[in-house]
file query_28.cif (mmCIF, C-alpha atoms)
data_run
#
loop_
_atom_site.group_PDB
_atom_site.id
_atom_site.type_symbol
_atom_site.label_atom_id
_atom_site.label_comp_id
_atom_site.auth_asym_id
_atom_site.auth_seq_id
_atom_site.Cartn_x
_atom_site.Cartn_y
_atom_site.Cartn_z
ATOM 1 C CA MET U 1 51.459 -12.058 -77.557
ATOM 2 C CA ASN U 2 48.523 -9.748 -77.866
ATOM 3 C CA THR U 3 47.362 -7.994 -74.724
ATOM 4 C CA ILE U 4 43.865 -6.775 -73.961
ATOM 5 C CA GLU U 5 43.862 -3.320 -72.456
ATOM 6 C CA ARG U 6 41.259 -2.457 -69.884
ATOM 7 C CA SER U 7 38.899 0.283 -71.025
ATOM 8 C CA ASP U 8 37.911 3.149 -68.731
ATOM 9 C CA ILE U 9 34.393 2.974 -70.180
ATOM 10 C CA ASP U 10 31.926 0.778 -68.338
ATOM 11 C CA SER U 11 28.236 0.194 -68.832
ATOM 12 C CA GLU U 12 27.254 2.326 -65.810
ATOM 13 C CA LEU U 13 28.813 5.395 -67.418
ATOM 14 C CA LEU U 14 26.893 4.652 -70.588
ATOM 15 C CA ARG U 15 23.654 4.196 -68.633
ATOM 16 C CA THR U 16 24.190 7.640 -67.132
ATOM 17 C CA PHE U 17 24.817 9.061 -70.599
ATOM 18 C CA LEU U 18 21.583 7.486 -71.892
ATOM 19 C CA ALA U 19 19.543 8.804 -68.947
ATOM 20 C CA ILE U 20 20.749 12.371 -69.548
ATOM 21 C CA ALA U 21 20.237 12.038 -73.303
ATOM 22 C CA GLU U 22 16.659 10.868 -72.678
ATOM 23 C CA THR U 23 15.644 13.465 -70.096
ATOM 24 C CA ARG U 24 17.940 16.333 -71.184
ATOM 25 C CA ASN U 25 17.978 17.303 -67.513
ATOM 26 C CA LEU U 26 20.466 16.360 -64.777
ATOM 27 C CA THR U 27 17.876 16.392 -61.993
ATOM 28 C CA GLN U 28 15.455 14.169 -63.886
ATOM 29 C CA ALA U 29 18.273 11.835 -64.923
ATOM 30 C CA ALA U 30 19.385 11.589 -61.290
ATOM 31 C CA ASN U 31 15.840 10.676 -60.225
ATOM 32 C CA LEU U 32 15.635 8.095 -62.996
ATOM 33 C CA LEU U 33 18.892 6.471 -61.898
ATOM 34 C CA ASN U 34 18.177 6.977 -58.180
ATOM 35 C CA ARG U 35 21.444 8.825 -57.661
ATOM 36 C CA THR U 36 22.398 12.334 -56.665
ATOM 37 C CA GLN U 37 22.875 14.998 -59.302
ATOM 38 C CA SER U 38 26.508 15.441 -58.269
ATOM 39 C CA ALA U 39 27.145 11.710 -58.711
ATOM 40 C CA ILE U 40 25.893 11.591 -62.288
ATOM 41 C CA SER U 41 27.752 14.817 -63.091
ATOM 42 C CA VAL U 42 30.967 13.087 -62.015
ATOM 43 C CA GLN U 43 30.107 10.040 -64.124
ATOM 44 C CA ILE U 44 29.449 12.011 -67.284
ATOM 45 C CA ARG U 45 32.740 13.894 -66.804
ATOM 46 C CA LYS U 46 34.544 10.554 -66.495
ATOM 47 C CA LEU U 47 32.965 9.337 -69.721
ATOM 48 C CA GLU U 48 33.881 12.525 -71.572
ATOM 49 C CA GLU U 49 37.467 12.314 -70.286
ATOM 50 C CA ALA U 50 37.724 8.651 -71.312
ATOM 51 C CA LEU U 51 36.468 9.426 -74.812
ATOM 52 C CA GLY U 52 38.326 12.704 -75.100
ATOM 53 C CA THR U 53 35.297 14.613 -76.315
ATOM 54 C CA CYS U 54 32.365 16.714 -75.148
ATOM 55 C CA LEU U 55 29.075 14.808 -75.198
ATOM 56 C CA PHE U 56 26.682 17.528 -74.078
ATOM 57 C CA HIS U 57 26.231 21.270 -74.376
ATOM 58 C CA ARG U 58 25.291 22.636 -70.934
ATOM 59 C CA LEU U 59 22.466 25.113 -71.532
ATOM 60 C CA PRO U 60 20.431 27.175 -69.030
ATOM 61 C CA ARG U 61 17.352 25.025 -69.694
ATOM 62 C CA GLY U 62 18.995 21.639 -69.822
ATOM 63 C CA MET U 63 21.465 19.366 -71.542
ATOM 64 C CA GLN U 64 21.740 19.126 -75.324
ATOM 65 C CA LEU U 65 23.627 16.385 -77.138
ATOM 66 C CA SER U 66 26.735 17.541 -78.974
ATOM 67 C CA GLU U 67 27.752 16.120 -82.343
ATOM 68 C CA SER U 68 29.864 13.527 -80.502
ATOM 69 C CA GLY U 69 26.911 12.733 -78.243
ATOM 70 C CA HIS U 70 24.699 12.034 -81.253
ATOM 71 C CA ARG U 71 27.360 9.688 -82.624
ATOM 72 C CA LEU U 72 27.631 7.825 -79.330
ATOM 73 C CA LEU U 73 23.872 7.499 -78.703
ATOM 74 C CA PRO U 74 23.025 4.450 -80.898
ATOM 75 C CA GLU U 75 26.272 2.689 -79.947
ATOM 76 C CA ALA U 76 25.619 3.212 -76.233
ATOM 77 C CA ARG U 77 22.076 1.869 -76.534
ATOM 78 C CA GLN U 78 23.281 -1.266 -78.273
ATOM 79 C CA LEU U 79 26.177 -1.861 -75.874
ATOM 80 C CA VAL U 80 23.954 -1.565 -72.787
ATOM 81 C CA LYS U 81 21.459 -3.995 -74.340
ATOM 82 C CA ASP U 82 24.289 -6.445 -74.995
ATOM 83 C CA VAL U 83 25.604 -6.157 -71.420
ATOM 84 C CA ASP U 84 22.122 -6.827 -70.010
ATOM 85 C CA ARG U 85 21.645 -9.789 -72.357
ATOM 86 C CA ILE U 86 24.972 -11.309 -71.287
ATOM 87 C CA ALA U 87 24.139 -10.811 -67.593
ATOM 88 C CA ARG U 88 20.842 -12.658 -68.062
ATOM 89 C CA LEU U 89 22.706 -15.708 -69.402
ATOM 90 C CA PHE U 90 24.006 -16.412 -65.900
ATOM 91 C CA THR U 91 21.082 -15.368 -63.747
ATOM 92 C CA GLN U 92 17.906 -17.223 -62.967
ATOM 93 C CA SER U 93 15.223 -15.918 -65.269
ATOM 94 C CA LEU U 94 11.809 -14.999 -63.945
ATOM 95 C CA SER U 95 8.685 -15.142 -66.068
ATOM 96 C CA GLY U 96 4.976 -14.796 -65.541
ATOM 97 C CA GLN U 97 2.659 -11.959 -64.570
ATOM 98 C CA ILE U 98 2.479 -9.571 -61.644
ATOM 99 C CA THR U 99 -0.151 -6.939 -60.877
ATOM 100 C CA ILE U 100 0.617 -3.998 -58.608
ATOM 101 C CA GLY U 101 -1.535 -1.193 -57.287
ATOM 102 C CA VAL U 102 -0.130 2.331 -57.287
ATOM 103 C CA PRO U 103 -1.955 5.316 -55.729
ATOM 104 C CA ASP U 104 -2.836 8.308 -57.867
ATOM 105 C CA ASP U 105 -0.594 10.564 -55.759
ATOM 106 C CA PHE U 106 2.548 8.398 -55.933
ATOM 107 C CA SER U 107 5.652 10.105 -57.329
ATOM 108 C CA ARG U 108 5.827 9.762 -61.119
ATOM 109 C CA ASP U 109 9.626 9.725 -61.097
ATOM 110 C CA ALA U 110 9.693 6.962 -58.498
ATOM 111 C CA LEU U 111 7.137 4.873 -60.385
ATOM 112 C CA LYS U 112 9.073 5.314 -63.619
ATOM 113 C CA ALA U 113 12.283 4.208 -61.911
ATOM 114 C CA VAL U 114 10.594 1.122 -60.409
ATOM 115 C CA LEU U 115 9.099 -0.001 -63.709
ATOM 116 C CA GLN U 116 12.253 0.647 -65.733
ATOM 117 C CA GLN U 117 14.500 -1.177 -63.273
ATOM 118 C CA PHE U 118 12.166 -4.155 -62.912
ATOM 119 C CA THR U 119 11.574 -4.634 -66.640
ATOM 120 C CA ALA U 120 15.310 -4.290 -67.320
ATOM 121 C CA ARG U 121 16.077 -7.051 -64.805
ATOM 122 C CA TYR U 122 13.152 -9.299 -65.678
ATOM 123 C CA PRO U 123 12.153 -8.690 -69.313
ATOM 124 C CA GLU U 124 10.078 -11.884 -69.478
ATOM 125 C CA VAL U 125 7.691 -10.759 -66.719
ATOM 126 C CA ASP U 126 4.441 -9.062 -67.747
ATOM 127 C CA VAL U 127 3.706 -6.178 -65.356
ATOM 128 C CA THR U 128 0.196 -4.784 -64.941
ATOM 129 C CA VAL U 129 -0.231 -1.516 -63.019
ATOM 130 C CA ASN U 130 -3.526 -0.435 -61.479
ATOM 131 C CA CYS U 131 -3.251 3.298 -60.751
ATOM 132 C CA SER U 132 -6.224 4.126 -58.594
ATOM 133 C CA PHE U 133 -7.413 5.077 -55.108
ATOM 134 C CA SER U 134 -5.261 3.322 -52.535
ATOM 135 C CA GLU U 135 -8.271 2.891 -50.216
ATOM 136 C CA THR U 136 -9.428 0.072 -52.528
ATOM 137 C CA PHE U 137 -6.083 -1.765 -52.442
ATOM 138 C CA PRO U 138 -6.290 -3.706 -49.129
ATOM 139 C CA ARG U 139 -9.482 -5.469 -50.208
ATOM 140 C CA ALA U 140 -8.061 -6.066 -53.698
ATOM 141 C CA ILE U 141 -5.009 -7.706 -52.079
ATOM 142 C CA GLN U 142 -7.288 -9.944 -49.982
ATOM 143 C CA ARG U 143 -9.298 -10.967 -53.052
ATOM 144 C CA GLY U 144 -6.132 -11.784 -54.993
ATOM 145 C CA GLU U 145 -6.757 -9.054 -57.577
ATOM 146 C CA LEU U 146 -3.411 -7.410 -56.730
ATOM 147 C CA ASP U 147 -0.120 -9.086 -55.884
ATOM 148 C CA LEU U 148 1.420 -5.983 -54.303
ATOM 149 C CA ALA U 149 0.169 -2.473 -53.607
ATOM 150 C CA LEU U 150 1.512 0.856 -52.465
ATOM 151 C CA TYR U 151 -0.940 2.273 -49.941
ATOM 152 C CA THR U 152 -1.071 5.913 -48.837
ATOM 153 C CA ALA U 153 -1.872 6.435 -45.173
ATOM 154 C CA GLY U 154 -1.359 8.932 -42.392
ATOM 155 C CA PRO U 155 1.676 9.179 -40.112
ATOM 156 C CA ASP U 156 0.424 6.212 -38.036
ATOM 157 C CA ALA U 157 0.673 3.581 -40.739
ATOM 158 C CA GLY U 158 0.737 0.578 -38.415
ATOM 159 C CA SER U 159 3.037 -2.381 -38.824
ATOM 160 C CA GLU U 160 3.146 -2.490 -42.634
ATOM 161 C CA LYS U 161 6.457 -2.021 -44.437
ATOM 162 C CA ILE U 162 7.040 1.727 -44.856
ATOM 163 C CA VAL U 163 8.310 2.673 -48.318
ATOM 164 C CA CYS U 164 8.538 6.450 -47.968
ATOM 165 C CA GLN U 165 7.107 9.488 -46.223
ATOM 166 C CA ASP U 166 6.247 12.822 -47.778
ATOM 167 C CA GLU U 167 5.609 16.226 -46.236
ATOM 168 C CA MET U 168 2.075 17.552 -46.734
ATOM 169 C CA ILE U 169 1.734 21.230 -47.615
ATOM 170 C CA TRP U 170 -0.923 23.802 -48.460
ATOM 171 C CA VAL U 171 -0.578 25.142 -51.994
ATOM 172 C CA ALA U 172 -2.167 27.810 -54.164
ATOM 173 C CA SER U 173 -1.477 29.247 -57.593
ATOM 174 C CA ASP U 174 1.058 32.061 -57.862
ATOM 175 C CA SER U 175 -1.821 34.438 -58.683
ATOM 176 C CA PHE U 176 -4.228 33.313 -55.940
ATOM 177 C CA LEU U 177 -5.398 35.982 -53.490
ATOM 178 C CA PRO U 178 -7.861 35.131 -50.700
ATOM 179 C CA GLU U 179 -10.880 37.393 -50.379
ATOM 180 C CA PRO U 180 -10.905 39.129 -46.977
ATOM 181 C CA GLY U 181 -13.850 38.196 -44.779
ATOM 182 C CA LYS U 182 -14.876 35.232 -46.913
ATOM 183 C CA PRO U 183 -14.360 31.480 -46.300
ATOM 184 C CA LEU U 184 -11.213 30.024 -47.814
ATOM 185 C CA PRO U 185 -12.003 28.089 -51.019
ATOM 186 C CA VAL U 186 -10.439 24.619 -50.868
ATOM 187 C CA ALA U 187 -10.164 21.716 -53.284
ATOM 188 C CA LEU U 188 -10.713 18.244 -51.816
ATOM 189 C CA PHE U 189 -11.134 14.686 -52.990
ATOM 190 C CA ASN U 190 -14.812 13.781 -53.312
ATOM 191 C CA ARG U 191 -14.277 10.392 -51.675
ATOM 192 C CA GLU U 192 -13.566 9.140 -48.199
ATOM 193 C CA CYS U 193 -9.799 8.933 -47.690
ATOM 194 C CA TRP U 194 -7.087 9.830 -45.208
ATOM 195 C CA TRP U 195 -6.022 12.775 -47.391
ATOM 196 C CA ARG U 196 -9.453 14.450 -47.319
ATOM 197 C CA ASP U 197 -9.975 13.732 -43.620
ATOM 198 C CA ALA U 198 -6.566 15.205 -42.701
ATOM 199 C CA ALA U 199 -7.214 18.444 -44.598
ATOM 200 C CA ILE U 200 -10.666 18.950 -43.045
ATOM 201 C CA ALA U 201 -9.443 18.087 -39.547
ATOM 202 C CA ALA U 202 -6.545 20.543 -39.788
ATOM 203 C CA LEU U 203 -8.842 23.371 -40.902
ATOM 204 C CA GLU U 204 -11.608 22.701 -38.380
ATOM 205 C CA ASN U 205 -9.292 22.052 -35.429
ATOM 206 C CA ASN U 206 -7.685 25.436 -36.050
ATOM 207 C CA ALA U 207 -10.967 27.291 -36.637
ATOM 208 C CA VAL U 208 -10.174 28.169 -40.250
ATOM 209 C CA GLU U 209 -13.389 29.096 -42.034
ATOM 210 C CA TYR U 210 -13.530 27.342 -45.411
ATOM 211 C CA ARG U 211 -15.821 26.184 -48.183
ATOM 212 C CA ILE U 212 -15.369 23.292 -50.596
ATOM 213 C CA ALA U 213 -15.001 25.091 -53.922
ATOM 214 C CA PHE U 214 -13.842 22.109 -55.961
ATOM 215 C CA SER U 215 -13.966 18.347 -55.569
ATOM 216 C CA SER U 216 -12.414 15.637 -57.685
ATOM 217 C CA GLU U 217 -11.697 11.908 -57.696
ATOM 218 C CA SER U 218 -8.150 12.421 -58.963
ATOM 219 C CA LEU U 219 -5.012 14.294 -58.031
ATOM 220 C CA SER U 220 -4.856 15.795 -61.523
ATOM 221 C CA GLY U 221 -8.257 17.416 -60.945
ATOM 222 C CA ILE U 222 -7.132 18.893 -57.619
ATOM 223 C CA SER U 223 -3.939 20.213 -59.234
ATOM 224 C CA ALA U 224 -5.930 21.749 -62.107
ATOM 225 C CA ALA U 225 -8.150 23.625 -59.629
ATOM 226 C CA VAL U 226 -5.069 25.013 -57.882
ATOM 227 C CA HIS U 227 -3.412 26.087 -61.141
ATOM 228 C CA ALA U 228 -6.640 27.793 -62.236
ATOM 229 C CA GLY U 229 -6.635 29.845 -59.033
ATOM 230 C CA LEU U 230 -9.988 28.428 -57.925
ATOM 231 C CA ALA U 231 -8.912 26.996 -54.612
ATOM 232 C CA VAL U 232 -6.234 26.109 -52.079
ATOM 233 C CA ALA U 233 -5.382 22.428 -51.648
ATOM 234 C CA MET U 234 -3.379 20.069 -49.473
ATOM 235 C CA LEU U 235 -0.761 18.266 -51.578
ATOM 236 C CA SER U 236 2.386 16.280 -50.916
ATOM 237 C CA ARG U 237 5.589 18.212 -51.466
ATOM 238 C CA SER U 238 6.539 15.824 -54.274
ATOM 239 C CA ALA U 239 3.373 16.906 -56.143
ATOM 240 C CA LEU U 240 4.382 20.601 -56.072
ATOM 241 C CA SER U 241 4.763 21.941 -59.613
ATOM 242 C CA ALA U 242 5.619 25.161 -61.428
ATOM 243 C CA GLY U 243 2.989 27.861 -60.952
ATOM 244 C CA MET U 244 2.215 26.799 -57.371
ATOM 245 C CA ARG U 245 3.318 28.455 -54.153
ATOM 246 C CA ILE U 246 3.377 27.075 -50.625
ATOM 247 C CA LEU U 247 1.130 28.539 -47.925
ATOM 248 C CA ASP U 248 1.836 28.225 -44.200
ATOM 249 C CA HIS U 249 1.040 29.746 -40.784
ATOM 250 C CA ARG U 250 1.850 33.203 -42.133
ATOM 251 C CA ASP U 251 -1.153 32.775 -44.419
ATOM 252 C CA GLY U 252 -3.320 31.594 -41.526
ATOM 253 C CA LEU U 253 -3.090 27.910 -42.394
ATOM 254 C CA PRO U 254 -2.257 25.139 -39.900
ATOM 255 C CA ALA U 255 0.559 22.590 -39.961
ATOM 256 C CA LEU U 256 -0.155 19.212 -41.581
ATOM 257 C CA PRO U 257 0.854 15.618 -40.808
ATOM 258 C CA VAL U 258 3.159 13.652 -43.085
ATOM 259 C CA SER U 259 1.887 11.164 -45.640
ATOM 260 C CA THR U 260 3.203 7.609 -45.346
ATOM 261 C CA THR U 261 3.333 5.111 -48.209
ATOM 262 C CA VAL U 262 3.436 1.456 -47.195
ATOM 263 C CA LEU U 263 3.842 -1.740 -49.197
ATOM 264 C CA LEU U 264 0.951 -4.190 -48.956
ATOM 265 C CA SER U 265 1.211 -7.836 -49.977
ATOM 266 C CA GLY U 266 -0.889 -10.959 -49.729
ATOM 267 C CA GLU U 267 -0.184 -13.978 -47.556
ATOM 268 C CA ARG U 268 1.340 -15.926 -50.457
ATOM 269 C CA GLN U 269 4.802 -14.670 -51.358
ATOM 270 C CA THR U 270 6.300 -15.656 -54.713
ATOM 271 C CA ALA U 271 9.604 -15.057 -56.471
ATOM 272 C CA LEU U 272 7.872 -12.352 -58.524
ATOM 273 C CA THR U 273 6.467 -10.462 -55.531
ATOM 274 C CA THR U 274 9.814 -10.725 -53.746
ATOM 275 C CA ALA U 275 11.658 -9.379 -56.814
ATOM 276 C CA MET U 276 9.237 -6.468 -57.253
ATOM 277 C CA ALA U 277 9.371 -5.622 -53.526
ATOM 278 C CA GLU U 278 13.174 -5.546 -53.678
ATOM 279 C CA VAL U 279 13.129 -3.104 -56.600
ATOM 280 C CA ILE U 280 10.591 -0.865 -54.844
ATOM 281 C CA GLU U 281 12.682 -0.887 -51.658
ATOM 282 C CA THR U 282 15.862 -0.093 -53.610
ATOM 283 C CA VAL U 283 14.264 2.864 -55.398
ATOM 284 C CA ALA U 284 12.769 4.181 -52.149
ATOM 285 C CA CYS U 285 16.115 3.833 -50.324
ATOM 286 C CA ASN U 286 17.986 5.685 -53.079
ATOM 287 C CA ILE U 287 15.418 8.491 -53.041
ATOM 288 C CA ARG U 288 15.725 8.853 -49.248
ATOM 289 C CA GLN U 289 19.526 9.083 -49.547
ATOM 290 C CA ALA U 290 19.478 11.587 -52.445
#

call {"tool": "encode", "arguments": {"input": "query_28.cif", "output": "structure tokens"}}
result
Amino acid sequence: MNTIERSDIDSELLRTFLAIAETRNLTQAANLLNRTQSAISVQIRKLEEALGTCLFHRLPRGMQLSESGHRLLPEARQLVKDVDRIARLFTQSLSGQITIGVPDDFSRDALKAVLQQFTARYPEVDVTVNCSFSETFPRAIQRGELDLALYTAGPDAGSEKIVCQDEMIWVASDSFLPEPGKPLPVALFNRECWWRDAAIAALENNAVEYRIAFSSESLSGISAAVHAGLAVAMLSRSALSAGMRILDHRDGLPALPVSTTVLLSGERQTALTTAMAEVIETVACNIRQA
């Protein structure tokens, strides 16, 4: 009688392999999978031990596929697709359309993880994302223009479902030097929002002399002004990027409140909104635990 031996290779190990192959970076792959870097390092070691080969070259600037890794890549992609297809045979399929609002300052890695996980689970659902100012989202929810929305608010977010909180910090370019005796140049949003109000209140309540040197409707504009050395700005810690440095009380700048992201939804709940909310909650929970 023929026997079927159990393989030590499962689809989760292959998903980890594909995430690292795509990002070429353990930290980014961990964010994509919503796991810790140590956890995915253990998984890739297990896969290499099971296959008896090295799949990646560990380089100072990232991970590079080895010859064996290149051979495995197309097979892993196909196997994972097959596993997902088989799983869908025995699960209730969702179809239709869902529109979600995402604020301009929301973490790119988190948004990518939400969209990838949702579309993998529900490939027949058409997802529309409105990336804009979160101040417009509550009214859009009421008018039925959005099914769900992530809304950025201050530390007192009320009774809405809290998705995550992020530390707010003052940032400047690595080359920025304030001019003694002159007002501090700051970059602010040119629209009414909690973010702008919090920055101005912190400066004025602590008697910090400032001038608005740059204003923008988008986070990318604020970040560009900081990188160019034109101004100091208040950003969330998750928006900190290479070439920026953090300023604090030693630089004469006051402490800031945290930013809270909440999940808004309309009165009518559907299977689609419930499924999307579950994915968002799962991603947020994994990020908090990382």

call {"tool": "closest_residue", "arguments": {"input": "query_28.cif", "among": "U:Leu177, U:Ile20, U:Val258, U:Leu13", "to": "Leu230 of chain U", "atoms": "all atoms listed in the file"}}
result
U:Leu177

call {"tool": "resolve_selection", "arguments": {"input": "query_28.cif", "expression": "the PyMOL selection byres ((chain U and resi 164-175) around 7)", "output": "count of residues only"}}
result
27

call {"tool": "resolve_selection", "arguments": {"input": "query_28.cif", "expression": "the PyMOL selection byres ((chain U and resi 264) around 10)", "output": "PyMOL selection string"}}
result
chain U and resi 100-101+137-138+141+146-151+160-162+261-263+265-267+277

call {"tool": "closest_residue", "arguments": {"input": "query_28.cif", "among": "U:Ala120, U:Ala153, U:Ala140, U:Asn25", "to": "Asp197 of chain U", "atoms": "only C-alpha atoms"}}
result
U:Ala153

call {"tool": "atom_distance", "arguments": {"input": "query_28.cif", "atom1": "atom CA of Arg211 of chain U", "atom2": "atom CA of Ala187 of chain U"}}
result
8.8 Å

call {"tool": "residues_near_point", "arguments": {"input": "query_28.cif", "point": "(32.6, 14.0, -67.5)", "cutoff": "12 Å", "atoms": "only C-alpha atoms", "output": "PyMOL selection string"}}
result
chain U and resi 9+13-14+16-17+38-58

call {"tool": "atom_distance", "arguments": {"input": "query_28.cif", "atom1": "atom CA of Ala30 of chain U", "atom2": "atom CA of Leu240 of chain U"}}
result
18.3 Å

call {"tool": "atom_distance", "arguments": {"input": "query_28.cif", "atom1": "atom CA of Gly62 of chain U", "atom2": "atom CA of Ala19 of chain U"}}
result
12.9 Å

call {"tool": "resolve_selection", "arguments": {"input": "query_28.cif", "expression": "the PyMOL selection byres ((chain U and resi 95) around 6)", "output": "PyMOL selection string"}}
result
chain U and resi 94+96+124-125

call {"tool": "write_last_selection", "arguments": {"input": "query_28.cif", "atoms": "C-alpha atoms", "output": "compact mmCIF listing (two decimals), in the frame of the given file"}}
result
# COMPACT_ATOMS: atom_id res chain seq x y z
CA LEU U 94 11.81 -15.00 -63.94
CA GLY U 96 4.98 -14.80 -65.54
CA GLU U 124 10.08 -11.88 -69.48
CA VAL U 125 7.69 -10.76 -66.72

call {"tool": "residues_around", "arguments": {"input": "query_28.cif", "residues": "Ser218 of chain U", "least_positions_apart": "6", "cutoff": "10 Å", "atoms": "all atoms listed in the file", "output": "list in words"}}
result
Pro103, Asp104, Asp105, Ser132, Phe133, Leu188, Phe189, Asn190 and Arg191 of chain U

call {"tool": "write_last_selection", "arguments": {"input": "query_28.cif", "atoms": "C-alpha atoms", "output": "short mmCIF file (atom, residue, chain, number, x, y, z; two decimals), keeping the file's coordinate frame"}}
result
data_model
loop_
_atom_site.label_atom_id
_atom_site.label_comp_id
_atom_site.auth_asym_id
_atom_site.auth_seq_id
_atom_site.Cartn_x
_atom_site.Cartn_y
_atom_site.Cartn_z
CA PRO U 103 -1.96 5.32 -55.73
CA ASP U 104 -2.84 8.31 -57.87
CA ASP U 105 -0.59 10.56 -55.76
CA SER U 132 -6.22 4.13 -58.59
CA PHE U 133 -7.41 5.08 -55.11
CA LEU U 188 -10.71 18.24 -51.82
CA PHE U 189 -11.13 14.69 -52.99
CA ASN U 190 -14.81 13.78 -53.31
CA ARG U 191 -14.28 10.39 -51.68
#

call {"tool": "residues_near_point", "arguments": {"input": "query_28.cif", "point": "(-18.2, 30.2, -41.4)", "cutoff": "9 Å", "atoms": "all atoms listed in the file", "output": "PyMOL selection string"}}
result
chain U and resi 182-183+208-211

call {"tool": "closest_residue", "arguments": {"input": "query_28.cif", "among": "U:Leu32, U:Met63, U:Leu72, U:Ala228", "to": "Ala110 of chain U", "atoms": "only C-alpha atoms"}}
result
U:Leu32

call {"tool": "closest_residue", "arguments": {"input": "query_28.cif", "among": "U:Ser66, U:Asn31, U:Gln142, U:Thr36", "to": "Lys112 of chain U", "atoms": "all atoms listed in the file"}}
result
U:Asn31

call {"tool": "closest_residue", "arguments": {"input": "query_28.cif", "among": "U:Glu67, U:Val102, U:Arg24, U:Tyr122", "to": "Leu272 of chain U", "atoms": "all atoms listed in the file"}}
result
U:Tyr122

call {"tool": "closest_residue", "arguments": {"input": "query_28.cif", "among": "U:Glu281, U:Glu135, U:Glu179, U:Glu12", "to": "Glu192 of chain U", "atoms": "only C-alpha atoms"}}
result
U:Glu135
